[in-house]
Amino acid sequence: METLTIIGTGPAGLTAALYAARANLAPLVLAGNLPGGQLTQTTEVENYPGFPEGILGFDLMEACTKQAERFGARLQNAIVAAVAFTPGGPQKLTLGDGTVIESRAVIIATGARPRWLGLDSENALRNKGVSSCATCDGAFFRDVPIVVVGGGDSALEEALFLTRFGSKVLVVHRREELRASKVMAQRARENPKLEFIWNAVVEEVLDVAQDKVTGVRLRDLKTGARSQIDCGALFVAIGHLPNTDVFAGQIAMEDGYIVLPDGGRSQTNVEGVFAAGDCADHVYRQAITAAGMGCRAAIDAERWLTRQGS
Ligand code: NAP
């Protein structure tokens with residue numbers, strides 16, 4: 001029987017692992033689909049306190065992993081395929097390979113994943129010019145026009161990064177007001193390789209017949225007019241969805257986000273199951289807030305376990 005199992009290795013999971021390890025709980029930490037979490041898919045992180053010059057997302061998560069391991073966290077590359085939660089525990093986790101883990105307490109820190117437009121052509125051309133990760137795929141598209149969809153910080157961050165490679169970068173946004181922070185918006189507006197197309201949506205990605213991206217078909221939401229833009233890649237940056245499908249029916253959720261009934265605490269509606277980070281937070285969704293939630297979850301779990309006498 002495990003004492004504490006943490007699901008996820010983004011900032012929330014690894015911070016929970018660090019605190020739990022330092023509380024001598026030797027937590028088992030399951031890395032999930034994307035070890036290190038979403039930060040490993042980004043470039044420079046400039047808003048994580050303590051790094052005045054910024055730090056690469058991958059490097060930050062590698063450092064967090066080492067820090068948690070140094071105090072006895074046990075990382076395992078495994079995906080949770082099913083769970084059976086019982087108030088008070090023990091909690092049962094079935095891994096992808098069929099192994100069943102029983103744990104007195106669980107911290108869910110499974111994060112979120114990119115949202116897609118939902119077009120057939122987008123799906124057909126994924127990894128063939130359609131991407132949600134500029135860091136991963138940007139360098140494949142040198143000296144061609146690149147289209148980015150979205151008006152938030154992610155879209156502009158991706159677009160700015162992509163100006164290093166593309167001949168120009170066109171940001172297609174469905175409104176004429178950006179959701180992104182002022183700093184990011186100003187940076188984007190000042191970049192000569194970046195242009196905005198307002199009040200427009202991508203209706204189709206071209207060209208499925210050629211099995212690569214050659215352009216996008218747009219619809220102007222104000223006039224209804226359709227137009228076509230040639231481009232070599234489409235980056236979709238329209239937000240995220242929580243990675244909580246596997247917990248459906250086992251725990252209280254709202255719009256896919258895990259509900260924390262006492263907002264200030266990490267306890268879910270199932271006693272002994274705690275949650276932290278983007279899987280339980282649709283408001284802040286920052287690395288530092290996820291890390292803070294991970295810290296709280298570890299402290300809550302440790303105190304709960306102590307009260308249970310384990
Ligand atoms: P977001 O803030 O939710 O923005 C999503 C954008 O996509 C919005 O502009 C939205 O349009 C648009 N959108 C959503 N669904 C769409 C659809 N089906 N078709 C077309 N457009 C669609 O998500 P995010 O940019 O991923 O940012 C998430 C959080 O992370 C934010 O708090 C952000 O500040 C933070 N973040 C920070 C940084 C940084 O500071 N370096 C970098 C990345 C993200 P509307 O505006 O019309 O809703």
# chains A, B, ... in the order shown; residues from 1 in each chain; ligands from 1
$ residues_around --residues "Thr15 in chain A" --least-positions-apart "2" --cutoff "6 Å" --atoms "only C-alpha atoms" --output "count of residues only"
8
$ select_by_dssp --residues "range 27-118 of chain A" --states "strand (DSSP E)" --output "ChimeraX atom specification"
/A:28-30,44-45,55-56,74-76,80-84,91-95,100-108,112-114
$ write_last_selection --atoms "N, CA and C atoms" --output "tab-separated table (two decimals), in the first residue's frame"
chain	number	residue	atom	x	y	z
A	28	LEU	N	4.84	8.30	-4.30
A	28	LEU	CA	4.97	7.73	-5.64
A	28	LEU	C	4.41	8.79	-6.59
A	29	VAL	N	5.16	9.13	-7.64
A	29	VAL	CA	4.74	10.20	-8.54
A	29	VAL	C	4.63	9.64	-9.95
A	30	LEU	N	3.43	9.63	-10.50
A	30	LEU	CA	3.20	9.04	-11.82
A	30	LEU	C	3.27	10.13	-12.87
A	44	GLU	N	10.86	30.14	-23.33
A	44	GLU	CA	11.31	30.90	-22.17
A	44	GLU	C	10.15	31.15	-21.22
A	45	VAL	N	10.35	30.90	-19.94
A	45	VAL	CA	9.36	31.27	-18.93
A	45	VAL	C	9.90	32.52	-18.23
A	55	ILE	N	13.82	31.45	-17.71
A	55	ILE	CA	14.38	30.08	-17.72
A	55	ILE	C	13.59	29.27	-18.74
A	56	LEU	N	14.25	28.33	-19.42
A	56	LEU	CA	13.52	27.48	-20.36
A	56	LEU	C	12.57	26.58	-19.57
A	74	ARG	N	9.48	9.28	-5.60
A	74	ARG	CA	9.78	8.17	-6.52
A	74	ARG	C	8.99	8.35	-7.81
A	75	LEU	N	9.67	8.81	-8.84
A	75	LEU	CA	8.99	9.07	-10.11
A	75	LEU	C	8.88	7.79	-10.93
A	76	GLN	N	7.71	7.58	-11.53
A	76	GLN	CA	7.50	6.40	-12.36
A	76	GLN	C	6.79	6.84	-13.64
A	80	VAL	N	-2.32	6.67	-15.74
A	80	VAL	CA	-3.44	6.12	-14.98
A	80	VAL	C	-4.60	5.89	-15.96
A	81	ALA	N	-5.04	4.63	-16.07
A	81	ALA	CA	-6.08	4.28	-17.04
A	81	ALA	C	-7.46	4.27	-16.40
A	82	ALA	N	-7.53	4.01	-15.09
A	82	ALA	CA	-8.83	3.99	-14.39
A	82	ALA	C	-8.60	4.22	-12.90
A	83	VAL	N	-9.61	4.75	-12.24
A	83	VAL	CA	-9.51	4.94	-10.79
A	83	VAL	C	-10.79	4.46	-10.12
A	84	ALA	N	-10.65	4.03	-8.88
A	84	ALA	CA	-11.84	3.71	-8.06
A	84	ALA	C	-11.60	4.40	-6.72
A	91	GLN	N	-7.44	4.33	-1.99
A	91	GLN	CA	-7.79	4.69	-3.36
A	91	GLN	C	-7.11	3.72	-4.32
A	92	LYS	N	-7.84	3.32	-5.35
A	92	LYS	CA	-7.28	2.35	-6.30
A	92	LYS	C	-7.00	3.05	-7.62
A	93	LEU	N	-5.80	2.86	-8.12
A	93	LEU	CA	-5.41	3.41	-9.42
A	93	LEU	C	-4.97	2.26	-10.31
A	94	THR	N	-5.58	2.14	-11.49
A	94	THR	CA	-5.14	1.11	-12.43
A	94	THR	C	-4.29	1.78	-13.50
A	95	LEU	N	-3.07	1.30	-13.67
A	95	LEU	CA	-2.17	1.90	-14.65
A	95	LEU	C	-2.40	1.33	-16.04
A	100	VAL	N	-2.33	-2.50	-10.55
A	100	VAL	CA	-3.24	-1.77	-9.66
A	100	VAL	C	-2.43	-1.25	-8.47
A	101	ILE	N	-2.56	0.03	-8.22
A	101	ILE	CA	-1.88	0.64	-7.08
A	101	ILE	C	-2.93	1.02	-6.06
A	102	GLU	N	-2.68	0.67	-4.80
A	102	GLU	CA	-3.56	1.13	-3.72
A	102	GLU	C	-2.80	2.18	-2.93
A	103	SER	N	-3.49	3.25	-2.61
A	103	SER	CA	-2.81	4.35	-1.94
A	103	SER	C	-3.75	4.94	-0.91
A	104	ARG	N	-3.20	5.28	0.25
A	104	ARG	CA	-4.05	5.87	1.31
A	104	ARG	C	-4.58	7.23	0.87
A	105	ALA	N	-3.70	8.02	0.24
A	105	ALA	CA	-4.13	9.34	-0.25
A	105	ALA	C	-3.62	9.54	-1.67
A	106	VAL	N	-4.31	10.41	-2.40
A	106	VAL	CA	-3.94	10.69	-3.80
A	106	VAL	C	-4.00	12.20	-4.02
A	107	ILE	N	-3.03	12.71	-4.74
A	107	ILE	CA	-3.11	14.10	-5.22
A	107	ILE	C	-3.20	14.05	-6.73
A	108	ILE	N	-4.27	14.64	-7.26
A	108	ILE	CA	-4.43	14.70	-8.72
A	108	ILE	C	-3.84	16.02	-9.20
A	112	ALA	N	-3.68	20.26	-17.92
A	112	ALA	CA	-4.62	20.50	-19.01
A	112	ALA	C	-3.91	20.25	-20.34
A	113	ARG	N	-4.69	20.21	-21.39
A	113	ARG	CA	-4.13	19.97	-22.73
A	113	ARG	C	-4.68	21.01	-23.70
A	114	PRO	N	-4.03	21.17	-24.85
A	114	PRO	CA	-4.49	22.20	-25.79
A	114	PRO	C	-5.89	21.91	-26.33
$ residues_near_ligand --ligand "ligand 1" --cutoff "8 Å" --atoms "only C-alpha atoms and all ligand atoms" --output "PyMOL selection string"
chain A and resi 45-47+114-118+149-157+173-175+177-181+184+201-202+237-240+283-286
$ closest_residue --among "A:Ala233, A:Ala20, A:Ala276, A:Leu4" --to "Asp143 in chain A" --atoms "only C-alpha atoms"
A:Ala233
$ select_by_dssp --residues "range 201-266 of chain A" --states "helix (DSSP H, G or I)" --output "VMD selection string"
chain A and resid 208 to 210 245 to 247
$ write_last_selection --atoms "N, CA, C and O atoms" --output "short mmCIF file (atom, residue, chain, number, x, y, z; two decimals), in the first residue's frame"
data_model
loop_
_atom_site.label_atom_id
_atom_site.label_comp_id
_atom_site.auth_asym_id
_atom_site.auth_seq_id
_atom_site.Cartn_x
_atom_site.Cartn_y
_atom_site.Cartn_z
N VAL A 208 -5.95 18.94 -47.58
CA VAL A 208 -5.94 17.53 -47.14
C VAL A 208 -5.51 16.62 -48.30
O VAL A 208 -4.77 15.65 -48.09
N ALA A 209 -5.91 16.97 -49.52
CA ALA A 209 -5.57 16.12 -50.67
C ALA A 209 -4.06 16.03 -50.86
O ALA A 209 -3.53 15.00 -51.27
N GLN A 210 -3.36 17.12 -50.54
CA GLN A 210 -1.89 17.11 -50.70
C GLN A 210 -1.19 16.60 -49.44
O GLN A 210 0.04 16.51 -49.40
N ASP A 245 -10.57 13.31 -17.76
CA ASP A 245 -11.54 12.33 -18.29
C ASP A 245 -11.56 11.05 -17.44
O ASP A 245 -12.62 10.47 -17.19
N VAL A 246 -10.38 10.62 -17.01
CA VAL A 246 -10.27 9.35 -16.30
C VAL A 246 -10.95 9.39 -14.92
O VAL A 246 -11.25 8.35 -14.35
N PHE A 247 -11.25 10.59 -14.43
CA PHE A 247 -11.88 10.72 -13.10
C PHE A 247 -13.40 10.90 -13.18
O PHE A 247 -14.06 11.03 -12.14
#
$ closest_atom_pairs --of "range 199-299 of chain A" --to "range 303-307 of chain A" --cutoff "12 Å" --atoms "only C-alpha atoms" --output "CSV"
residue,atom,partner,partner_atom,distance
A:Arg265,CA,A:Trp304,CA,11.9
A:Ser266,CA,A:Trp304,CA,11.2
A:Gln267,CA,A:Trp304,CA,9.5
A:Glu271,CA,A:Trp304,CA,8.9
A:Gly272,CA,A:Trp304,CA,7.2
A:Val273,CA,A:Trp304,CA,10.0
A:Phe274,CA,A:Trp304,CA,10.2
A:Arg296,CA,A:Arg303,CA,10.6
A:Ala297,CA,A:Arg303,CA,9.8
A:Ala298,CA,A:Arg303,CA,8.5
A:Ile299,CA,A:Arg303,CA,6.1
$ closest_residue --among "A:Val213, A:Asp281, A:Asn191, A:Gln250" --to "Gly263 in chain A" --atoms "only C-alpha atoms"
A:Asp281
$ closest_residue --among "A:Ala159, A:Ala248, A:Val236, A:Leu34" --to "Glu122 in chain A" --atoms "only C-alpha atoms"
A:Val236
$ closest_residue --among "A:Val130, A:Val171, A:Val148, A:Ile6" --to "Leu206 in chain A" --atoms "only C-alpha atoms"
A:Val130
$ atom_distance --atom1 "CA of Ala124 in chain A" --atom2 "CA of Glu204 in chain A"
10.9 Å
$ atom_distance --atom1 "CA of Val147 in chain A" --atom2 "CA of Arg219 in chain A"
14.2 Å
$ atom_distance --atom1 "CA of Gly232 in chain A" --atom2 "CA of Lys212 in chain A"
8.1 Å
$ closest_residue --among "A:Thr135, A:Thr289, A:Asn33, A:Ser227" --to "Thr110 in chain A" --atoms "only C-alpha atoms"
A:Asn33
$ residues_around --residues "range 57-61 of chain A" --least-positions-apart "4" --cutoff "10 Å" --atoms "only C-alpha atoms" --output "PyMOL selection string"
chain A and resi 9-11+14+35-46+48+51+65-67+287
